[in-house]
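Chemist: Here it is: the structure, laid out below.
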Amino acid sequence: MRLKRKDILTIEELAGDEIELILSTAESLKEVSEREIKKVPTLRGRTIINLFYEASTRTRTSFEIAAKRMSADAINISASSSSVVKGETLKDTARNIEAMNPDCIVLRHSSSGAPEMLAKLVKCSVINAGDGSHEHPSQALLDLLTVKQRFGKIQGLKVAIIGDILHSRVARSNIYGFTKLGAEVSVAGPPTMMPSKIEKTGCRAFNRIEDAIKDADVIMMLRIQLERQKTGLFPTVREYSRLFGLDSKKLENAKKPAPEGFNRGDVVILHPGPVNRGIEISSDVADGKYSLILEQVKNGVAVRMALFYLLMGGARE
Amino acid sequence: MRLKRKDILTIEELAGDEIELILSTAESLKEVSEREIKKVPTLRGRTIINLFYEASTRTRTSFEIAAKRMSADAINISASSSSVVKGETLKDTARNIEAMNPDCIVLRHSSSGAPEMLAKLVKCSVINAGDGSHEHPSQALLDLLTVKQRFGKIQGLKVAIIGDILHSRVARSNIYGFTKLGAEVSVAGPPTMMPSKIEKTGCRAFNRIEDAIKDADVIMMLRIQLERQKTGLFPTVREYSRLFGLDSKKLENAKKPAPEGFNRGDVVILHPGPVNRGIEISSDVADGKYSLILEQVKNGVAVRMALFYLLMGGARE
Amino acid sequence: MRLKRKDILTIEELAGDEIELILSTAESLKEVSEREIKKVPTLRGRTIINLFYEASTRTRTSFEIAAKRMSADAINISASSSSVVKGETLKDTARNIEAMNPDCIVLRHSSSGAPEMLAKLVKCSVINAGDGSHEHPSQALLDLLTVKQRFGKIQGLKVAIIGDILHSRVARSNIYGFTKLGAEVSVAGPPTMMPSKIEKTGCRAFNRIEDAIKDADVIMMLRIQLERQKTGLFPTVREYSRLFGLDSKKLENAKKPAPEGFNRGDVVILHPGPVNRGIEISSDVADGKYSLILEQVKNGVAVRMALFYLLMGGARE
């Protein structure tokens with residue numbers, strides 16, 4: 001099986017069955033990382049370039065590990081290196097990288113739309129590893145996988161996403177993803193951090209976290225960008241935390257009753273990381289029994305292995 | 001086949017038949033990068049160190065991809081890392097690296113002659129990836145390969161190199177390379193950027209780009225180092241561009257008539273990259289039908305695979 | 001064979017027979033780096049993370065080469081990259097890395113005790129690659145291997161360690177290591193650089209280098225941290241060098257007579273590098289016939305291969 005598309009740029013453009021294919025492929029590849037020999041020969045001799053214009057330990061490492069576990073060659077290029085310093089445009093960088101015959105470029109960029117532009121320029125596959133405040137599709141896919149593995153399905157779940165909805169590529173990709181697979185998405189955040197026409201995406205918008213997370217199956221807390229405070233988007237970190245942070249008290253008030261003897265009715269907590277402990281989420285909740293934060297990271301490797309496989313490895317249909 | 005030398009330090013020291021051997025080896029390795037499985041097992045278990053004292057995305061990436069496609073292990077060391085910060089000399093760094101039993105060290109350094117010094121200190125192979133304003137042999141080799149693949153031969157071609165001839169390691173290596181293989185080389189640039197005894201190298205020197213590129217088969221535009229303007233080497237970027245930049249008008253005036261029905265008589269444009277668009281070369285020329293800039297990048301991987309192979313992999317004669 | 005422990009955090013905690021097992025394993029792996037194909041398939045499919053919060057070319061490169069020669073996948077994370085910038089704690093970084101299923105994390109950190117903390121948090125192996133002024137066990141192991149290969153044994157040797165004993169993780173690990181294997185250790189350094197209760201470790205402390213190195217078999221010179229001068233730990237570099245630097249005159253005065261026709265009685269000089277030439281050691285001594293400085297580097301790769309093998313590769317007992 002192979003995806004019919006060359007690139008993974010957004011969740012918005014993926015059909016529901018494409019998402020399902022990625023998730024089921026990731027599920028079957030996940031066990032590779034639990035073996036003693038964590039490696040399959042599938043993508044031997046493929047060249048994957050991690051082109052990161054924004055620093056990111058976690059995402060770059062996850063893609064690099066995924067590439068190596070598929071036996072591909074991974075080459076890291078970060079913006080602090082040369083040609084970027086020399087002022088070359090992304091367009092020229094892209095064409096030059098392409099001339100070295102990579103099979104896939106994984107791009108993180110601070111400008112929304114950069115991966116689309118890259119994908120049009122090059123014949124190889126492009127995976128968007130986060131572009132500006134636009135999308136972060138592999139993050140949403142790993143979130144979907146984490147929720148699917150916990151609940152067995154996405155259809156019919158109630159999902160609440162809390163924080164800076166307006167500027168979050170994680171929120172945007174997840175809203176598309178959960179909605180496409182039939183979940184009901186609520187969002188909440190300070191008015192300055194809410195998109196003006198959020199209802200058009202099919203979400204319900206709330207002003208208070210308490211209303212958004214009421215009876216939710218999944219609560220996704222977004223990382224607050226502390227540097228945004230300077231721009232006046234929120235008054236103080238303490239106030240943000242009091243109003244929109246998730247602690248055990250808000251969590252218990254929101255939970256719906258679980259069926260007798262079942263965990264399945266229990267809420268799960270997601271966070272894309274890195275966590276600002278005590279700000280958008282309290283430590284006891286981040287580390288508590290409802291948290292799937294580390295399972296998200298684990299699934300990140302599996303999802304990225306699946307993307308590499310489906311773009312480069314499967315037999316063409 | 002293996003080269004009889006341990007190191008690739010300069011084009012100046014290479015004999016014409018050594019250059020020809022490298023080019024023909026590169027031609028045969030080029031197709032590896034066009035396969036689905038871009039990898040041959042030839043250099044499995046060899047250790048290649050990329051030791052870069054100057055930043056360079058393109059060159060470092062090209063060497064790293066070349067190493068991996070030959071199945072060698074590549075380790076990157078950049079000057080921003082530690083021991084360099086701690087003030088260790090290149091000599092001590094070299095000896096320490098050698099003690100880890102690498103098979104080849106690829107060195108980029110801002111000081112002319114650093115690779116020679118390194119090569120004398122260590123028993124493993126050394127490849128000069130650019131030293132000061134001295135030489136950049138793998139760049140010249142990929143330029144030669146690009147021209148050879150286009151014209152079938154180098155012998156008898158007219159080659160013009162335009163820009164800061166005095167400070168350019170690319171120019172120096174190419175003057176040696178094209179001259180050794182029988183091309184006729186002309187150079188042009190501002191008087192402050194011309195070596196005083198350039199004719200000794202066998203080139204013809206011109207004050208005007210128009211004279212140098214007249215009837216040329218190959219025009220190589222050098223990257224202008226914009227930071228040199230401060231040192232008074234040229235008055236303004238605009239004036240440099242007007243006098244020595246290549247645009248379609250200067251190009252059309254210079255072109256010799258192509259034989260009926262043949263492309264082969266057509267001029268080709270080279271540039272080592274990264275391109276300062278609109279300064280030393282206009283965008284329409286850089287991206288136009290005469291430009292081989294991306295072919296140069298592609299050939300860069302092949303040439304570096306060939307160098308690795310000929311230094312480490314071939315049976316010793 | 002496999003070590004019964006999960007981690008290598010300190011020499012202090014290792015038993016003598018564990019050290020001997022590591023040294024003998026390293027001796028047998030050393031020849032891999034002298035083959036043309038410097039690679040054994042032993043750790044194929046294992047994932048090793050080099051997590052470096054302090055810069056270090058030499059140590060990181062040595063671990064990376066060791067990993068690759070054992071066929072493991074090595075991923076480098078340096079503190080200048082992202083999440084560290086984003087202010088994530090070591091604890092969160094550790095848990096996130098663990099979720100990606102590595103087999104071993106190699107940690108260098110400026111805080112003493114960081115590797116212990118990490119090892120308690122994660123199920124995978126942790127190797128301390130230097131923590132604050134605490135320990136640097138792989139350095140001591142390579143020093144022990146170097147001495148053992150030269151003299152055939154450690155038992156009964158006289159070892160002098162000279163310099164900033166108080167702040168040196170290299171000194172601390174070596175004092176434990178040489179003492180455990182039956183050597184007699186003397187130390188000397190400025191009073192401001194000597195631990196107050198050094199005798200408790202079983203060393204003899206001297207105020208003068210001349211007394212410490214008298215009749216020594218092994219002289220280990222520590223790197224002086226030039227930046228410490230500002231903190232008043234020593235008055236001038238020149239005075240430090242005059243009093244505690246090793247030059248050929250101090251060396252000849254200290255040497256015991258060698259048995260007729262034997263080198264074995266000859267003193268050997270060690271230094272962990274990078275060397276401040278002319279400060280803690282003169283160039284003629286650093287490069288002279290008694291110096292084993294480069295042999296230490298060579299053994300570093302072998303010791304790290306052995307650690308990887310004994311933690312991950314051997315059959316569990």
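Naming works like this for the structure tokens: A, B, ... for the chains as they're shown, residue 1 at the start of each chain, ligands 1 onward in shown order.
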From region 36-95 of chain B, collect each residue whose DSSP state is strand (DSSP E or B) and return the set as an MDAnalysis selection string.
Modeler: chainID B and resid 47:52 73:78
Chemist: Could you state the separation of CA of Ala183 (chain A) and CA of Ser33 (chain A) in Å, given to one decimal place?
Modeler: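 The value is 29.0 Å.
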Chemist: Could you build a table of the residues in chain C lying no more than 9 Å from chain B, giving for each the nearest pair of atoms and their separation in Å rounded to one decimal place, using only C-alpha atoms, ordered by chain and ascending residue number, as JSON lines?
Modeler:
{"residue": "C:Ser33", "atom": "CA", "partner": "B:Asn101", "partner_atom": "CA", "distance": 6.2}
{"residue": "C:Glu34", "atom": "CA", "partner": "B:Asn101", "partner_atom": "CA", "distance": 7.0}
{"residue": "C:Arg35", "atom": "CA", "partner": "B:Gly45", "partner_atom": "CA", "distance": 8.8}
{"residue": "C:Glu36", "atom": "CA", "partner": "B:Arg46", "partner_atom": "CA", "distance": 7.0}
{"residue": "C:Ile37", "atom": "CA", "partner": "B:Gly45", "partner_atom": "CA", "distance": 4.3}
{"residue": "C:Lys38", "atom": "CA", "partner": "B:Gly45", "partner_atom": "CA", "distance": 4.5}
{"residue": "C:Lys39", "atom": "CA", "partner": "B:Gly45", "partner_atom": "CA", "distance": 4.9}
{"residue": "C:Val40", "atom": "CA", "partner": "B:Gly45", "partner_atom": "CA", "distance": 8.3}
{"residue": "C:Glu54", "atom": "CA", "partner": "B:Ser82", "partner_atom": "CA", "distance": 8.1}
{"residue": "C:Ala55", "atom": "CA", "partner": "B:Ser82", "partner_atom": "CA", "distance": 4.6}
{"residue": "C:Ser56", "atom": "CA", "partner": "B:Ser82", "partner_atom": "CA", "distance": 4.3}
{"residue": "C:Thr57", "atom": "CA", "partner": "B:Ser82", "partner_atom": "CA", "distance": 5.0}
{"residue": "C:Arg58", "atom": "CA", "partner": "B:Ser83", "partner_atom": "CA", "distance": 6.9}
{"residue": "C:Thr61", "atom": "CA", "partner": "B:Ile75", "partner_atom": "CA", "distance": 7.3}
{"residue": "C:Ser62", "atom": "CA", "partner": "B:Met100", "partner_atom": "CA", "distance": 7.2}
{"residue": "C:Glu64", "atom": "CA", "partner": "B:Ile75", "partner_atom": "CA", "distance": 7.6}
{"residue": "C:Ile65", "atom": "CA", "partner": "B:Ile75", "partner_atom": "CA", "distance": 7.5}
{"residue": "C:Lys68", "atom": "CA", "partner": "B:Asp73", "partner_atom": "CA", "distance": 6.9}
{"residue": "C:Arg69", "atom": "CA", "partner": "B:Gly45", "partner_atom": "CA", "distance": 7.2}
{"residue": "C:Gly273", "atom": "CA", "partner": "B:Ser83", "partner_atom": "CA", "distance": 8.9}
{"residue": "C:Pro274", "atom": "CA", "partner": "B:Glu88", "partner_atom": "CA", "distance": 6.2}
{"residue": "C:Val275", "atom": "CA", "partner": "B:Glu88", "partner_atom": "CA", "distance": 7.2}
{"residue": "C:Asn276", "atom": "CA", "partner": "B:Glu88", "partner_atom": "CA", "distance": 7.6}
{"residue": "C:Ile293", "atom": "CA", "partner": "B:Asn96", "partner_atom": "CA", "distance": 8.7}
{"residue": "C:Leu294", "atom": "CA", "partner": "B:Ala99", "partner_atom": "CA", "distance": 5.8}
{"residue": "C:Glu295", "atom": "CA", "partner": "B:Ala99", "partner_atom": "CA", "distance": 7.0}
{"residue": "C:Gln296", "atom": "CA", "partner": "B:Ala99", "partner_atom": "CA", "distance": 8.4}
{"residue": "C:Val297", "atom": "CA", "partner": "B:Ala99", "partner_atom": "CA", "distance": 5.8}
{"residue": "C:Lys298", "atom": "CA", "partner": "B:Ala99", "partner_atom": "CA", "distance": 4.8}
{"residue": "C:Asn299", "atom": "CA", "partner": "B:Met100", "partner_atom": "CA", "distance": 8.3}
{"residue": "C:Gly300", "atom": "CA", "partner": "B:Met100", "partner_atom": "CA", "distance": 8.1}
{"residue": "C:Val301", "atom": "CA", "partner": "B:Met100", "partner_atom": "CA", "distance": 6.5}
Chemist: Report the distance between CA of Ile127 (chain B) and CA of Ala114 (chain B) in Å, rounded to one decimal place.
Modeler: 10.9 Å
Chemist: I want to know what sits within 6 Å of Gly130 (chain C), based on only C-alpha atoms, with residues of the same chain fewer than 3 positions away left out; could you give that as an mmCIF file with N, CA, C and O atoms, in the first residue's frame?
Modeler:
data_model
loop_
_atom_site.group_PDB
_atom_site.id
_atom_site.type_symbol
_atom_site.label_atom_id
_atom_site.label_comp_id
_atom_site.auth_asym_id
_atom_site.auth_seq_id
_atom_site.Cartn_x
_atom_site.Cartn_y
_atom_site.Cartn_z
ATOM 1 N N ARG C 108 26.040 13.869 28.903
ATOM 2 C CA ARG C 108 27.000 14.809 29.482
ATOM 3 C C ARG C 108 26.217 15.990 30.015
ATOM 4 O O ARG C 108 25.363 16.547 29.314
ATOM 5 N N GLU C 135 31.991 12.806 38.114
ATOM 6 C CA GLU C 135 32.708 11.642 37.568
ATOM 7 C C GLU C 135 32.691 11.677 36.044
ATOM 8 O O GLU C 135 31.872 12.364 35.420
ATOM 9 N N HIS C 136 33.592 10.946 35.450
ATOM 10 C CA HIS C 136 33.679 10.784 34.004
ATOM 11 C C HIS C 136 34.181 9.352 33.788
ATOM 12 O O HIS C 136 35.330 9.125 33.423
#
Chemist: Which residues are close to Lys249 (chain A), i.e. within 12 Å by only C-alpha atoms, leaving aside same-chain residues fewer than 2 positions away? Reply as a list in words.
Modeler: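 Final neighbour list, sorted by chain and number: Glu210, Arg242, Gly245, Leu246, Asp247, Leu251, Glu252, Asn253, Ala254, Lys255, Ile281, Ser282, Asp284 and Val285 of chain A.
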Chemist: Need the shell around Ser110 (chain A): protein/DNA/RNA residues with any atom at most 10 Å away, counting only C-alpha atoms. Skip same-chain ones fewer than 6 positions apart. Format as JSON, numbers by chain?
Modeler: {"A": [52, 53, 54, 130, 131, 132, 133, 134]}
Chemist: Which residues are close to Lys6 (chain A), i.e. within 9 Å by only C-alpha atoms, leaving aside same-chain residues fewer than 2 positions away? Reply as a list in words.
Modeler: Leu3, Lys4, Ile8, Ala119, Lys123, Cys124, Ser125, Val126, Leu311 and Met312 of chain A
Chemist: Please produce an output containing N, CA and C atoms for each residue in the selection, written as a compact mmCIF listing (two decimals), in the first residue's frame.
Modeler:
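Below you can see part-v6.txt, which holds the result:
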# COMPACT_ATOMS: atom_id res chain seq x y z
N LEU A 3 0.34 5.66 -0.22
CA LEU A 3 -0.58 6.77 -0.40
C LEU A 3 -0.54 7.24 -1.84
N LYS A 4 -1.65 7.75 -2.33
CA LYS A 4 -1.66 8.22 -3.71
C LYS A 4 -1.07 9.61 -3.83
N ILE A 8 2.87 14.99 2.48
CA ILE A 8 1.96 15.15 3.62
C ILE A 8 2.13 16.59 4.09
N ALA A 119 6.93 21.65 -1.79
CA ALA A 119 6.39 20.45 -2.46
C ALA A 119 6.16 20.70 -3.94
N LYS A 123 10.45 17.15 -6.82
CA LYS A 123 9.76 15.93 -7.23
C LYS A 123 9.68 14.91 -6.09
N CYS A 124 10.57 15.06 -5.09
CA CYS A 124 10.54 14.10 -4.00
C CYS A 124 9.41 14.44 -3.04
N SER A 125 9.18 13.54 -2.09
CA SER A 125 8.12 13.75 -1.10
C SER A 125 8.52 14.84 -0.11
N VAL A 126 7.52 15.56 0.38
CA VAL A 126 7.73 16.57 1.41
C VAL A 126 6.78 16.25 2.56
N LEU A 311 4.83 6.89 1.87
CA LEU A 311 5.26 7.78 0.79
C LEU A 311 6.35 7.16 -0.08
N MET A 312 7.17 6.32 0.53
CA MET A 312 8.34 5.84 -0.22
C MET A 312 8.42 4.35 -0.39
Chemist: Tell me, as a list in words, which residues lie within 12 Å of Glu13 (chain C), counting only C-alpha atoms; anything in the same chain fewer than 5 positions away does not count.
Modeler: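 The contact residues come out as Arg5, Asp7, Ile8, Glu18, Ile19, Glu116, Glu135, Pro137, Ser173, Tyr176, Gly177 and Lys180 of chain C.
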Chemist: Quick one: write out the picked residues with all heavy atoms as an mmCIF file, in the first residue's frame?
Modeler:
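Now in again.cif:
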data_model
loop_
_atom_site.group_PDB
_atom_site.id
_atom_site.type_symbol
_atom_site.label_atom_id
_atom_site.label_comp_id
_atom_site.auth_asym_id
_atom_site.auth_seq_id
_atom_site.Cartn_x
_atom_site.Cartn_y
_atom_site.Cartn_z
ATOM 1 N N ARG C 5 24.559 -4.592 35.756
ATOM 2 C CA ARG C 5 23.933 -3.298 36.018
ATOM 3 C C ARG C 5 23.347 -2.709 34.727
ATOM 4 O O ARG C 5 23.793 -3.041 33.635
ATOM 5 C CB ARG C 5 24.920 -2.335 36.655
ATOM 6 C CG ARG C 5 26.170 -2.094 35.844
ATOM 7 C CD ARG C 5 27.129 -1.164 36.573
ATOM 8 N NE ARG C 5 27.652 -1.738 37.799
ATOM 9 C CZ ARG C 5 27.372 -1.269 39.016
ATOM 10 N NH1 ARG C 5 26.608 -0.212 39.157
ATOM 11 N NH2 ARG C 5 27.879 -1.842 40.095
ATOM 12 N N ASP C 7 23.265 0.660 34.159
ATOM 13 C CA ASP C 7 23.885 1.947 33.838
ATOM 14 C C ASP C 7 25.371 1.958 34.207
ATOM 15 O O ASP C 7 25.809 1.187 35.046
ATOM 16 C CB ASP C 7 23.205 3.065 34.642
ATOM 17 C CG ASP C 7 21.702 3.004 34.554
ATOM 18 O OD1 ASP C 7 21.187 3.188 33.438
ATOM 19 O OD2 ASP C 7 21.051 2.741 35.591
ATOM 20 N N ILE C 8 26.099 2.872 33.586
ATOM 21 C CA ILE C 8 27.473 3.172 34.006
ATOM 22 C C ILE C 8 27.477 4.632 34.439
ATOM 23 O O ILE C 8 27.525 5.550 33.609
ATOM 24 C CB ILE C 8 28.479 2.962 32.866
ATOM 25 C CG1 ILE C 8 28.467 1.522 32.376
ATOM 26 C CG2 ILE C 8 29.890 3.372 33.300
ATOM 27 C CD1 ILE C 8 29.026 0.500 33.332
ATOM 28 N N GLU C 18 34.109 -5.909 37.773
ATOM 29 C CA GLU C 18 33.349 -5.272 36.693
ATOM 30 C C GLU C 18 34.282 -4.428 35.823
ATOM 31 O O GLU C 18 34.200 -4.442 34.597
ATOM 32 C CB GLU C 18 32.236 -4.377 37.262
ATOM 33 C CG GLU C 18 31.075 -5.158 37.868
ATOM 34 C CD GLU C 18 30.001 -4.244 38.436
ATOM 35 O OE1 GLU C 18 30.324 -3.450 39.365
ATOM 36 O OE2 GLU C 18 28.862 -4.300 37.967
ATOM 37 N N ILE C 19 35.157 -3.694 36.496
ATOM 38 C CA ILE C 19 36.137 -2.891 35.733
ATOM 39 C C ILE C 19 36.999 -3.808 34.874
ATOM 40 O O ILE C 19 37.222 -3.544 33.685
ATOM 41 C CB ILE C 19 37.011 -2.047 36.693
ATOM 42 C CG1 ILE C 19 36.128 -1.046 37.461
ATOM 43 C CG2 ILE C 19 38.109 -1.323 35.925
ATOM 44 C CD1 ILE C 19 36.869 -0.257 38.533
ATOM 45 N N GLU C 116 22.680 10.127 37.383
ATOM 46 C CA GLU C 116 21.977 9.290 38.368
ATOM 47 C C GLU C 116 20.477 9.564 38.297
ATOM 48 O O GLU C 116 19.666 8.642 38.300
ATOM 49 C CB GLU C 116 22.437 9.634 39.808
ATOM 50 C CG GLU C 116 23.440 8.689 40.396
ATOM 51 C CD GLU C 116 24.858 9.218 40.226
ATOM 52 O OE1 GLU C 116 25.052 10.177 39.429
ATOM 53 O OE2 GLU C 116 25.777 8.673 40.864
ATOM 54 N N GLU C 135 31.991 12.806 38.114
ATOM 55 C CA GLU C 135 32.708 11.642 37.568
ATOM 56 C C GLU C 135 32.691 11.677 36.044
ATOM 57 O O GLU C 135 31.872 12.364 35.420
ATOM 58 C CB GLU C 135 32.072 10.337 38.068
ATOM 59 C CG GLU C 135 32.460 9.973 39.506
ATOM 60 C CD GLU C 135 32.999 8.537 39.614
ATOM 61 O OE1 GLU C 135 33.541 8.008 38.608
ATOM 62 O OE2 GLU C 135 32.881 7.969 40.711
ATOM 63 N N PRO C 137 33.292 8.388 34.051
ATOM 64 C CA PRO C 137 33.764 7.007 34.147
ATOM 65 C C PRO C 137 34.391 6.460 32.866
ATOM 66 O O PRO C 137 35.388 5.725 32.949
ATOM 67 C CB PRO C 137 32.510 6.223 34.544
ATOM 68 C CG PRO C 137 31.352 7.121 34.291
ATOM 69 C CD PRO C 137 31.859 8.515 34.400
ATOM 70 N N SER C 173 37.214 10.119 39.023
ATOM 71 C CA SER C 173 36.968 8.772 38.497
ATOM 72 C C SER C 173 38.248 7.941 38.482
ATOM 73 O O SER C 173 38.230 6.743 38.769
ATOM 74 C CB SER C 173 36.381 8.866 37.086
ATOM 75 O OG SER C 173 35.052 9.343 37.130
ATOM 76 N N TYR C 176 39.264 6.614 42.004
ATOM 77 C CA TYR C 176 38.506 5.396 42.310
ATOM 78 C C TYR C 176 39.020 4.208 41.500
ATOM 79 O O TYR C 176 39.235 3.123 42.033
ATOM 80 C CB TYR C 176 37.020 5.596 42.019
ATOM 81 C CG TYR C 176 36.303 6.451 43.033
ATOM 82 C CD1 TYR C 176 35.654 7.620 42.660
ATOM 83 C CD2 TYR C 176 36.257 6.075 44.383
ATOM 84 C CE1 TYR C 176 34.981 8.399 43.583
ATOM 85 C CE2 TYR C 176 35.587 6.865 45.321
ATOM 86 C CZ TYR C 176 34.958 8.021 44.920
ATOM 87 O OH TYR C 176 34.293 8.793 45.835
ATOM 88 N N GLY C 177 39.208 4.418 40.240
ATOM 89 C CA GLY C 177 39.556 3.300 39.370
ATOM 90 C C GLY C 177 40.912 2.705 39.687
ATOM 91 O O GLY C 177 41.055 1.481 39.859
ATOM 92 N N LYS C 180 40.888 0.996 43.122
ATOM 93 C CA LYS C 180 40.176 -0.285 43.129
ATOM 94 C C LYS C 180 40.998 -1.416 42.517
ATOM 95 O O LYS C 180 40.876 -2.570 42.902
ATOM 96 C CB LYS C 180 38.860 -0.160 42.349
ATOM 97 C CG LYS C 180 37.733 0.452 43.178
ATOM 98 C CD LYS C 180 36.510 0.738 42.293
ATOM 99 C CE LYS C 180 35.558 1.683 42.993
ATOM 100 N NZ LYS C 180 34.389 1.009 43.579
#
Chemist: Write down as a ChimeraX atom specification the residues of region 56-229 of chain A whose backbone DSSP state falls under helix (DSSP H, G or I).
Modeler: /A:57-69,82-85,90-99,114-121,137-151,169-180,191-193,198-201,209-213,226-229
Chemist: How many Å lie between CA of Ala212 (chain C) and CA of Phe244 (chain C), rounded to one decimal?
Modeler: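 Calculated distance between CA of Ala212 (chain C) and CA of Phe244 (chain C) is 10.5 Å.
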